[in-house]
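Take a look at the structure set out below.
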Amino acid sequence: MKSVILNLQNITKQFADDSLPAVNNVCLQLHTGDILGLLGPSGCGKTTLLRMIAGFEQPQTGTIEIAGQLVYSTSLSIPPEQRDIGIVFQDYALFPHLTVAANVAFGLKKQPKDIVEKRVSEVLALVQLQGLEQRYPYELSGGQQQRVALARALAPQPKLMLLDEPLSNLDIQVRLQLREEIRDILKAAGTSAIFVTHDQEEALVMSDIVGVMRQGHLEQLDTPEEIYTHPASRFVAEFVTQANFLPAHRQGNVWSTEVGCFEFTQKTTPVNSDHYDSGELMIRQEDVILQPANDANVLIITRRFLGREYQYCLQTPSGKELHARTMLDTVLPVGTKVNLAIAGGELRVFPKIQ
């Protein structure tokens with residue numbers, strides 16, 4: 001069984017000029033070797049939480065343990081440099097006057113020269129930058145600079161890595177490539193890590209565990225698959241999957257909506273309540289099946305080509321807009337009337353927002 005590398009209990013942080021806490025009573029555990037993605041919109045508290053783990057910010061309440069050592073409580077605060085963590089910043093923060101090798105060796109100053117050289121060679125091989133030891137940061141691409149920053153953080157062999165939106169300054173093609181590489185690098189090094197992102201796909205691809213944050217709260221902490229297929233709240237469903245929501249009323253064995261009735265089964269899971277007859281039916285975009293029919297009451301108002309698929313914007317009789325994504329073999333013109341079916345059979349119903 002994996003040991004716990006990070007244990008947060010009841011972490012709260014409120015800044016003096018804010019009416020609400022930036023982080024509100026967060027509890028979580030991270031196990032050795034796992035990668036946690038903190039996901040949420042801007043201002044939800046994810047970076048503040050990361051900075052408290054690092055020691056750059058002080059909570060008002062709670063405790064922080066790293067590898068079994070208490071590093072923060074209301075009566076104790078271990079400084080960042082003594083927490084045995086590695087940090088990769090959004091802007092890389094490389095020293096422009098130092099070579100790649102010297103940047104990577106920066107955290108190894110107290111060790112013998114031969115050990116430093118060996119370790120620098122090891123981590124540069126790990127991030128696939130062999131042969132670039134004598135280059136300067138300005139001679140590297142953005143993706144290479146980020147690899148150097150990662151190598152520098154890994155060189156002292158920290159117990160925990162913290163990455164603050166490490167890919168946000170890169171163009172889309174480099175981001176897609178580097179997010180796979182960073183995960184592979186961390187796994188190869190056996191290093192536990194937490195990274196902050198507001199990109200849903202990035203969090204799902206890179207993480208073993210995803211923590212979705214909203215207004216300082218940790219809304220859900222689970223595997224990417226569980227977060228996506230069984231969101232614990234409407235916010236998680238909407239933010240992570242960009243799902244559609246339709247007002248629905250239960251009538252016998254079906255949920256009735258303005259676009260049709262959908263059969264109630266054991267897989268139809270009401271969230272946060274076991275006994276209600278109305279709510280909002282969640283329908284993922286990729287689960288919508290479009291069925292053209294002259295007497296249908298849903299209208300296609302736009303179609304967008306996304307490369308591997310089409311995205312349709314649909315208008316219901318009440319004027320509500322829904323979205324559907326289909327494979328390229330489904331090509332329907334704007335103005336087509338369609339009935340809707342749902343693929344997969346599993347529906348999620350959430351209480352109505354008050």
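Chain labels follow the order of the structure tokens: the first chain is A, the next B, and so on; residue numbering restarts at 1 in every chain, and ligands are counted from 1 in their shown order.
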Selection near range 111-127 of chain A, 8 Å with only C-alpha atoms, sequence-local residues under 5 positions removed, as an MDAnalysis selection string
chainID A and resid 101 104:105 147:148 150:151 154:155 185 188
Need to verify the contact set: Leu132 in chain A, 10 Å, only C-alpha atoms, exclusion of same-chain residues closer than 2 positions in sequence. Can you return it as a PyMOL selection string?
chain A and resi 99-101+124+128-130+134-136+139-140+144+148
File of the preceding selection, C-alpha atoms, as a PDB file, in the first residue's frame:
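Done, and the output landed in again-v1.pdb:
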```pdb
ATOM      1  CA  THR A  99      24.058  27.708 -18.863  1.00  0.00           C
ATOM      2  CA  VAL A 100      21.595  24.835 -18.899  1.00  0.00           C
ATOM      3  CA  ALA A 101      23.958  22.721 -16.804  1.00  0.00           C
ATOM      4  CA  LEU A 124      19.112  16.158 -18.449  1.00  0.00           C
ATOM      5  CA  GLN A 128      15.836  14.570 -23.128  1.00  0.00           C
ATOM      6  CA  LEU A 129      18.166  17.578 -23.255  1.00  0.00           C
ATOM      7  CA  GLN A 130      21.501  15.790 -23.611  1.00  0.00           C
ATOM      8  CA  GLN A 134      26.382  24.675 -22.474  1.00  0.00           C
ATOM      9  CA  ARG A 135      23.523  26.578 -24.049  1.00  0.00           C
ATOM     10  CA  TYR A 136      21.887  29.569 -22.382  1.00  0.00           C
ATOM     11  CA  GLU A 139      19.070  29.834 -27.068  1.00  0.00           C
ATOM     12  CA  LEU A 140      16.266  27.394 -26.211  1.00  0.00           C
ATOM     13  CA  GLN A 144      13.110  23.265 -23.882  1.00  0.00           C
ATOM     14  CA  VAL A 148      15.260  22.764 -17.984  1.00  0.00           C
TER      15      VAL A 148
END
```
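In this comparison, which uses only C-alpha atoms, the residue of A:Gly55, A:Pro21, A:Gly33, A:Pro333 approaching Arg183 in chain A most closely is A:Gly33.
Proximity ranking of A:Gln14, A:Ala203, A:Leu170, A:Met213 relative to Asp91 in chain A places A:Leu170 first, based on only C-alpha atoms.
The coordinates place CA of Leu38 in chain A at 4.8 Å from CA of Val196 in chain A.
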For Ala153 in chain A, find every residue with an atom within 7 Å (counting only C-alpha atoms), except residues of its own chain fewer than 5 positions away, and show them as JSON, numbers by chain.
{"A": [86, 87, 88]}
Pull all heavy atoms from the residues just selected and write them as a JSON list (two decimals), in the first residue's frame.
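Generated file (result.json):
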```json
[["chain", "number", "residue", "atom", "x", "y", "z"],
["A", 86, "GLY", "N", 10.28, 20.53, -4.81],
["A", 86, "GLY", "CA", 10.76, 21.17, -6.02],
["A", 86, "GLY", "C", 9.64, 21.98, -6.62],
["A", 86, "GLY", "O", 8.47, 21.58, -6.55],
["A", 87, "ILE", "N", 9.96, 23.13, -7.20],
["A", 87, "ILE", "CA", 8.92, 24.03, -7.71],
["A", 87, "ILE", "C", 9.24, 24.42, -9.15],
["A", 87, "ILE", "O", 10.37, 24.80, -9.48],
["A", 87, "ILE", "CB", 8.82, 25.31, -6.85],
["A", 87, "ILE", "CG1", 8.52, 24.95, -5.39],
["A", 87, "ILE", "CG2", 7.72, 26.23, -7.39],
["A", 87, "ILE", "CD1", 8.53, 26.12, -4.45],
["A", 88, "VAL", "N", 8.23, 24.31, -10.02],
["A", 88, "VAL", "CA", 8.34, 24.77, -11.40],
["A", 88, "VAL", "C", 7.31, 25.89, -11.59],
["A", 88, "VAL", "O", 6.11, 25.66, -11.42],
["A", 88, "VAL", "CB", 8.08, 23.63, -12.40],
["A", 88, "VAL", "CG1", 8.13, 24.16, -13.84],
["A", 88, "VAL", "CG2", 9.10, 22.52, -12.20]]
```
Residues within 6 Å of range 279-295 of chain A, only C-alpha atoms, excluding chain neighbours under 3 positions, as a PDB file with N, CA, C and O atoms, in the first residue's frame:
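Once everything was written out, this is out-v3.pdb:
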```
ATOM      1  N   ALA A 243     -21.117  19.892 -20.051  1.00  0.00           N
ATOM      2  CA  ALA A 243     -22.353  19.189 -20.352  1.00  0.00           C
ATOM      3  C   ALA A 243     -23.520  20.153 -20.549  1.00  0.00           C
ATOM      4  O   ALA A 243     -23.491  21.313 -20.128  1.00  0.00           O
ATOM      5  N   ASN A 244     -24.563  19.648 -21.195  1.00  0.00           N
ATOM      6  CA  ASN A 244     -25.844  20.340 -21.289  1.00  0.00           C
ATOM      7  C   ASN A 244     -26.691  19.999 -20.070  1.00  0.00           C
ATOM      8  O   ASN A 244     -26.551  18.921 -19.488  1.00  0.00           O
ATOM      9  N   PHE A 245     -27.614  20.912 -19.721  1.00  0.00           N
ATOM     10  CA  PHE A 245     -28.549  20.648 -18.625  1.00  0.00           C
ATOM     11  C   PHE A 245     -29.952  21.024 -19.066  1.00  0.00           C
ATOM     12  O   PHE A 245     -30.180  22.121 -19.580  1.00  0.00           O
ATOM     13  N   LEU A 246     -30.872  20.100 -18.862  1.00  0.00           N
ATOM     14  CA  LEU A 246     -32.262  20.312 -19.241  1.00  0.00           C
ATOM     15  C   LEU A 246     -33.168  20.148 -18.028  1.00  0.00           C
ATOM     16  O   LEU A 246     -33.039  19.157 -17.296  1.00  0.00           O
ATOM     17  N   PRO A 247     -34.079  21.099 -17.783  1.00  0.00           N
ATOM     18  CA  PRO A 247     -35.079  20.880 -16.728  1.00  0.00           C
ATOM     19  C   PRO A 247     -35.847  19.598 -17.002  1.00  0.00           C
ATOM     20  O   PRO A 247     -36.249  19.327 -18.141  1.00  0.00           O
ATOM     21  N   ALA A 248     -36.028  18.787 -15.953  1.00  0.00           N
ATOM     22  CA  ALA A 248     -36.661  17.480 -16.128  1.00  0.00           C
ATOM     23  C   ALA A 248     -37.590  17.187 -14.961  1.00  0.00           C
ATOM     24  O   ALA A 248     -37.335  17.598 -13.825  1.00  0.00           O
ATOM     25  N   HIS A 323     -25.656  21.835 -26.946  1.00  0.00           N
ATOM     26  CA  HIS A 323     -24.559  21.551 -27.858  1.00  0.00           C
ATOM     27  C   HIS A 323     -24.380  20.043 -28.001  1.00  0.00           C
ATOM     28  O   HIS A 323     -24.571  19.287 -27.042  1.00  0.00           O
ATOM     29  N   ALA A 324     -24.011  19.642 -29.206  1.00  0.00           N
ATOM     30  CA  ALA A 324     -23.773  18.231 -29.499  1.00  0.00           C
ATOM     31  C   ALA A 324     -22.501  18.110 -30.324  1.00  0.00           C
ATOM     32  O   ALA A 324     -22.202  18.971 -31.160  1.00  0.00           O
ATOM     33  N   ARG A 325     -21.747  17.044 -30.065  1.00  0.00           N
ATOM     34  CA  ARG A 325     -20.553  16.745 -30.869  1.00  0.00           C
ATOM     35  C   ARG A 325     -20.765  15.399 -31.537  1.00  0.00           C
ATOM     36  O   ARG A 325     -21.157  14.437 -30.884  1.00  0.00           O
ATOM     37  N   LYS A 337     -34.368  20.138 -38.570  1.00  0.00           N
ATOM     38  CA  LYS A 337     -35.082  19.805 -37.341  1.00  0.00           C
ATOM     39  C   LYS A 337     -34.678  18.390 -36.916  1.00  0.00           C
ATOM     40  O   LYS A 337     -34.614  17.485 -37.757  1.00  0.00           O
ATOM     41  N   VAL A 338     -34.415  18.219 -35.614  1.00  0.00           N
ATOM     42  CA  VAL A 338     -33.936  16.922 -35.138  1.00  0.00           C
ATOM     43  C   VAL A 338     -34.623  16.526 -33.837  1.00  0.00           C
ATOM     44  O   VAL A 338     -35.004  17.376 -33.022  1.00  0.00           O
ATOM     45  N   ASN A 339     -34.789  15.226 -33.671  1.00  0.00           N
ATOM     46  CA  ASN A 339     -35.090  14.662 -32.369  1.00  0.00           C
ATOM     47  C   ASN A 339     -33.769  14.285 -31.698  1.00  0.00           C
ATOM     48  O   ASN A 339     -32.755  14.051 -32.374  1.00  0.00           O
ATOM     49  N   LEU A 340     -33.789  14.219 -30.369  1.00  0.00           N
ATOM     50  CA  LEU A 340     -32.581  13.899 -29.633  1.00  0.00           C
ATOM     51  C   LEU A 340     -32.732  12.570 -28.916  1.00  0.00           C
ATOM     52  O   LEU A 340     -33.763  12.277 -28.322  1.00  0.00           O
ATOM     53  N   ALA A 341     -31.677  11.768 -28.990  1.00  0.00           N
ATOM     54  CA  ALA A 341     -31.553  10.558 -28.184  1.00  0.00           C
ATOM     55  C   ALA A 341     -30.235  10.661 -27.430  1.00  0.00           C
ATOM     56  O   ALA A 341     -29.368  11.480 -27.768  1.00  0.00           O
ATOM     57  N   ILE A 342     -30.084   9.840 -26.386  1.00  0.00           N
ATOM     58  CA  ILE A 342     -28.865   9.882 -25.571  1.00  0.00           C
ATOM     59  C   ILE A 342     -28.179   8.530 -25.637  1.00  0.00           C
ATOM     60  O   ILE A 342     -28.797   7.498 -25.355  1.00  0.00           O
ATOM     61  N   ALA A 343     -26.920   8.548 -26.008  1.00  0.00           N
ATOM     62  CA  ALA A 343     -26.140   7.314 -26.077  1.00  0.00           C
ATOM     63  C   ALA A 343     -25.679   6.899 -24.688  1.00  0.00           C
ATOM     64  O   ALA A 343     -25.560   7.718 -23.781  1.00  0.00           O
ATOM     65  N   ARG A 348     -27.498  11.475 -15.509  1.00  0.00           N
ATOM     66  CA  ARG A 348     -27.270  12.093 -14.196  1.00  0.00           C
ATOM     67  C   ARG A 348     -28.274  13.223 -14.051  1.00  0.00           C
ATOM     68  O   ARG A 348     -28.479  14.033 -14.966  1.00  0.00           O
ATOM     69  N   VAL A 349     -28.938  13.258 -12.905  1.00  0.00           N
ATOM     70  CA  VAL A 349     -29.923  14.295 -12.627  1.00  0.00           C
ATOM     71  C   VAL A 349     -29.483  15.050 -11.386  1.00  0.00           C
ATOM     72  O   VAL A 349     -29.208  14.439 -10.333  1.00  0.00           O
ATOM     73  N   PHE A 350     -29.413  16.366 -11.498  1.00  0.00           N
ATOM     74  CA  PHE A 350     -28.979  17.225 -10.396  1.00  0.00           C
ATOM     75  C   PHE A 350     -30.147  18.067  -9.917  1.00  0.00           C
ATOM     76  O   PHE A 350     -31.038  18.418 -10.687  1.00  0.00           O
ATOM     77  N   PRO A 351     -30.144  18.424  -8.634  1.00  0.00           N
ATOM     78  CA  PRO A 351     -31.166  19.341  -8.131  1.00  0.00           C
ATOM     79  C   PRO A 351     -31.106  20.663  -8.889  1.00  0.00           C
ATOM     80  O   PRO A 351     -30.036  21.100  -9.326  1.00  0.00           O
ATOM     81  N   LYS A 352     -32.237  21.314  -9.004  1.00  0.00           N
ATOM     82  CA  LYS A 352     -32.265  22.619  -9.674  1.00  0.00           C
ATOM     83  C   LYS A 352     -31.499  23.651  -8.867  1.00  0.00           C
ATOM     84  O   LYS A 352     -31.516  23.639  -7.637  1.00  0.00           O
TER      85      LYS A 352
END
```
Run DSSP on the backbone and give me the residues of range 62-307 of chain A it puts in alpha helix (DSSP H), as a PyMOL selection string.
chain A and resi 100-104+113-126+142-154+172-189+200-206+224-229+234-241
Give me a file of those residues, with C-alpha atoms, as a short mmCIF file (atom, residue, chain, number, x, y, z; two decimals), in the first residue's frame.
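The new file part38.cif reads:
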```
data_model
loop_
_atom_site.label_atom_id
_atom_site.label_comp_id
_atom_site.auth_asym_id
_atom_site.auth_seq_id
_atom_site.Cartn_x
_atom_site.Cartn_y
_atom_site.Cartn_z
CA VAL A 100 21.60 24.83 -18.90
CA ALA A 101 23.96 22.72 -16.80
CA ALA A 102 24.54 25.54 -14.31
CA ASN A 103 20.80 26.18 -13.99
CA VAL A 104 20.15 22.51 -13.27
CA LYS A 113 31.57 18.35 -7.97
CA ASP A 114 31.57 14.80 -9.37
CA ILE A 115 28.22 14.02 -7.77
CA VAL A 116 26.77 17.27 -9.13
CA GLU A 117 27.98 16.50 -12.64
CA LYS A 118 26.55 12.99 -12.47
CA ARG A 119 23.18 14.21 -11.22
CA VAL A 120 22.98 16.98 -13.83
CA SER A 121 23.71 14.42 -16.55
CA GLU A 122 21.01 12.09 -15.16
CA VAL A 123 18.22 14.65 -15.07
CA LEU A 124 19.11 16.16 -18.45
CA ALA A 125 18.88 12.65 -19.91
CA LEU A 126 15.53 12.23 -18.14
CA GLY A 142 9.86 27.54 -24.78
CA GLY A 143 9.39 23.79 -24.47
CA GLN A 144 13.11 23.27 -23.88
CA GLN A 145 13.17 26.00 -21.24
CA GLN A 146 10.32 24.29 -19.43
CA ARG A 147 12.22 21.00 -19.49
CA VAL A 148 15.26 22.76 -17.98
CA ALA A 149 13.05 24.19 -15.22
CA LEU A 150 11.69 20.70 -14.56
CA ALA A 151 15.20 19.21 -14.51
CA ARG A 152 16.39 21.89 -12.07
CA ALA A 153 13.49 21.13 -9.73
CA LEU A 154 14.10 17.36 -9.97
CA ILE A 172 -0.93 24.56 -28.33
CA GLN A 173 1.21 22.01 -30.20
CA VAL A 174 4.05 22.22 -27.66
CA ARG A 175 1.56 21.99 -24.79
CA LEU A 176 0.02 18.82 -26.19
CA GLN A 177 3.43 17.20 -26.54
CA LEU A 178 4.91 18.43 -23.28
CA ARG A 179 2.00 17.45 -21.05
CA GLU A 180 2.60 13.80 -22.00
CA GLU A 181 6.35 14.19 -21.52
CA ILE A 182 6.05 15.84 -18.10
CA ARG A 183 3.86 13.00 -16.84
CA ASP A 184 6.31 10.43 -18.22
CA ILE A 185 9.27 12.29 -16.66
CA LEU A 186 7.65 12.47 -13.22
CA LYS A 187 6.66 8.80 -13.38
CA ALA A 188 10.16 7.76 -14.49
CA ALA A 189 11.63 9.73 -11.59
CA GLN A 200 -9.82 20.42 -18.17
CA GLU A 201 -8.22 18.15 -20.76
CA GLU A 202 -4.76 18.82 -19.37
CA ALA A 203 -5.89 17.80 -15.89
CA LEU A 204 -7.56 14.61 -17.12
CA VAL A 205 -4.56 13.56 -19.23
CA MET A 206 -1.75 14.31 -16.77
CA PRO A 224 -10.02 11.50 -13.86
CA GLU A 225 -12.42 8.78 -14.98
CA GLU A 226 -14.61 9.13 -11.90
CA ILE A 227 -14.61 12.94 -12.10
CA TYR A 228 -15.75 12.78 -15.72
CA THR A 229 -18.30 9.98 -15.48
CA ARG A 234 -23.46 20.38 -11.17
CA PHE A 235 -20.44 22.69 -11.11
CA VAL A 236 -18.05 19.78 -11.64
CA ALA A 237 -20.26 18.39 -14.41
CA GLU A 238 -20.46 21.75 -16.16
CA PHE A 239 -16.82 22.77 -15.72
CA VAL A 240 -15.15 19.43 -16.50
CA THR A 241 -17.42 17.99 -19.20
#
```
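Nearest to Ile300 in chain A of all the residues A:Ser278, A:Gly211, A:Thr336, A:Arg83 is A:Thr336, counting only C-alpha atoms.
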DSSP on the backbone: what in range 84-269 of chain A comes out strand (DSSP E), as number ranges by chain?
A: 85-88, 160-164, 192-197, 209-214, 217-222, 244-251, 254-257, 260-263, 269
Env of Val4 in chain A: 8 Å cut, atoms = only C-alpha atoms, seq-sep filter 3 positions within chain, self excluded. Answer as an mmCIF file with C-alpha atoms, in the first residue's frame.
```cif
data_model
loop_
_atom_site.group_PDB
_atom_site.id
_atom_site.type_symbol
_atom_site.label_atom_id
_atom_site.label_comp_id
_atom_site.auth_asym_id
_atom_site.auth_seq_id
_atom_site.Cartn_x
_atom_site.Cartn_y
_atom_site.Cartn_z
ATOM 1 C CA ASN A 7 -1.597 15.407 4.167
ATOM 2 C CA GLN A 29 -4.142 13.310 0.971
ATOM 3 C CA LEU A 30 -1.715 12.515 -1.846
ATOM 4 C CA HIS A 31 0.021 9.144 -2.028
ATOM 5 C CA THR A 32 3.636 8.516 -2.973
ATOM 6 C CA ALA A 67 6.330 12.794 3.957
ATOM 7 C CA GLY A 68 5.147 12.426 7.543
#
```
Contact residues around Cys27 in chain A with only C-alpha atoms at 6 Å, ignoring same-chain residues under 2 positions, as a PyMOL selection string:
chain A and resi 8-10
Residues from the last selection, C-alpha atoms, saved as an mmCIF file, in the first residue's frame:
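The result, stored in selection-v8.cif:
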```cif
data_model
loop_
_atom_site.group_PDB
_atom_site.id
_atom_site.type_symbol
_atom_site.label_atom_id
_atom_site.label_comp_id
_atom_site.auth_asym_id
_atom_site.auth_seq_id
_atom_site.Cartn_x
_atom_site.Cartn_y
_atom_site.Cartn_z
ATOM 1 C CA LEU A 8 -3.652 18.612 4.345
ATOM 2 C CA GLN A 9 -6.195 19.021 7.128
ATOM 3 C CA ASN A 10 -8.674 21.915 7.378
#
```
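Between Asp199 in chain A and the candidates A:Leu70, A:Val26, A:Leu49, A:Leu39, the tightest atom-to-atom separation, counting only C-alpha atoms, involves A:Leu39.
Checking A:Arg304, A:His230, A:His249, A:Lys13 one by one against Arg51 in chain A, counting only C-alpha atoms, you find the shortest gap at A:Lys13.
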I want to know what sits within 12 Å of Gly319 in chain A, based on only C-alpha atoms, with residues of the same chain fewer than 6 positions away left out; could you give that as an MDAnalysis selection string?
chainID A and resid 246 258:259 297:301 313
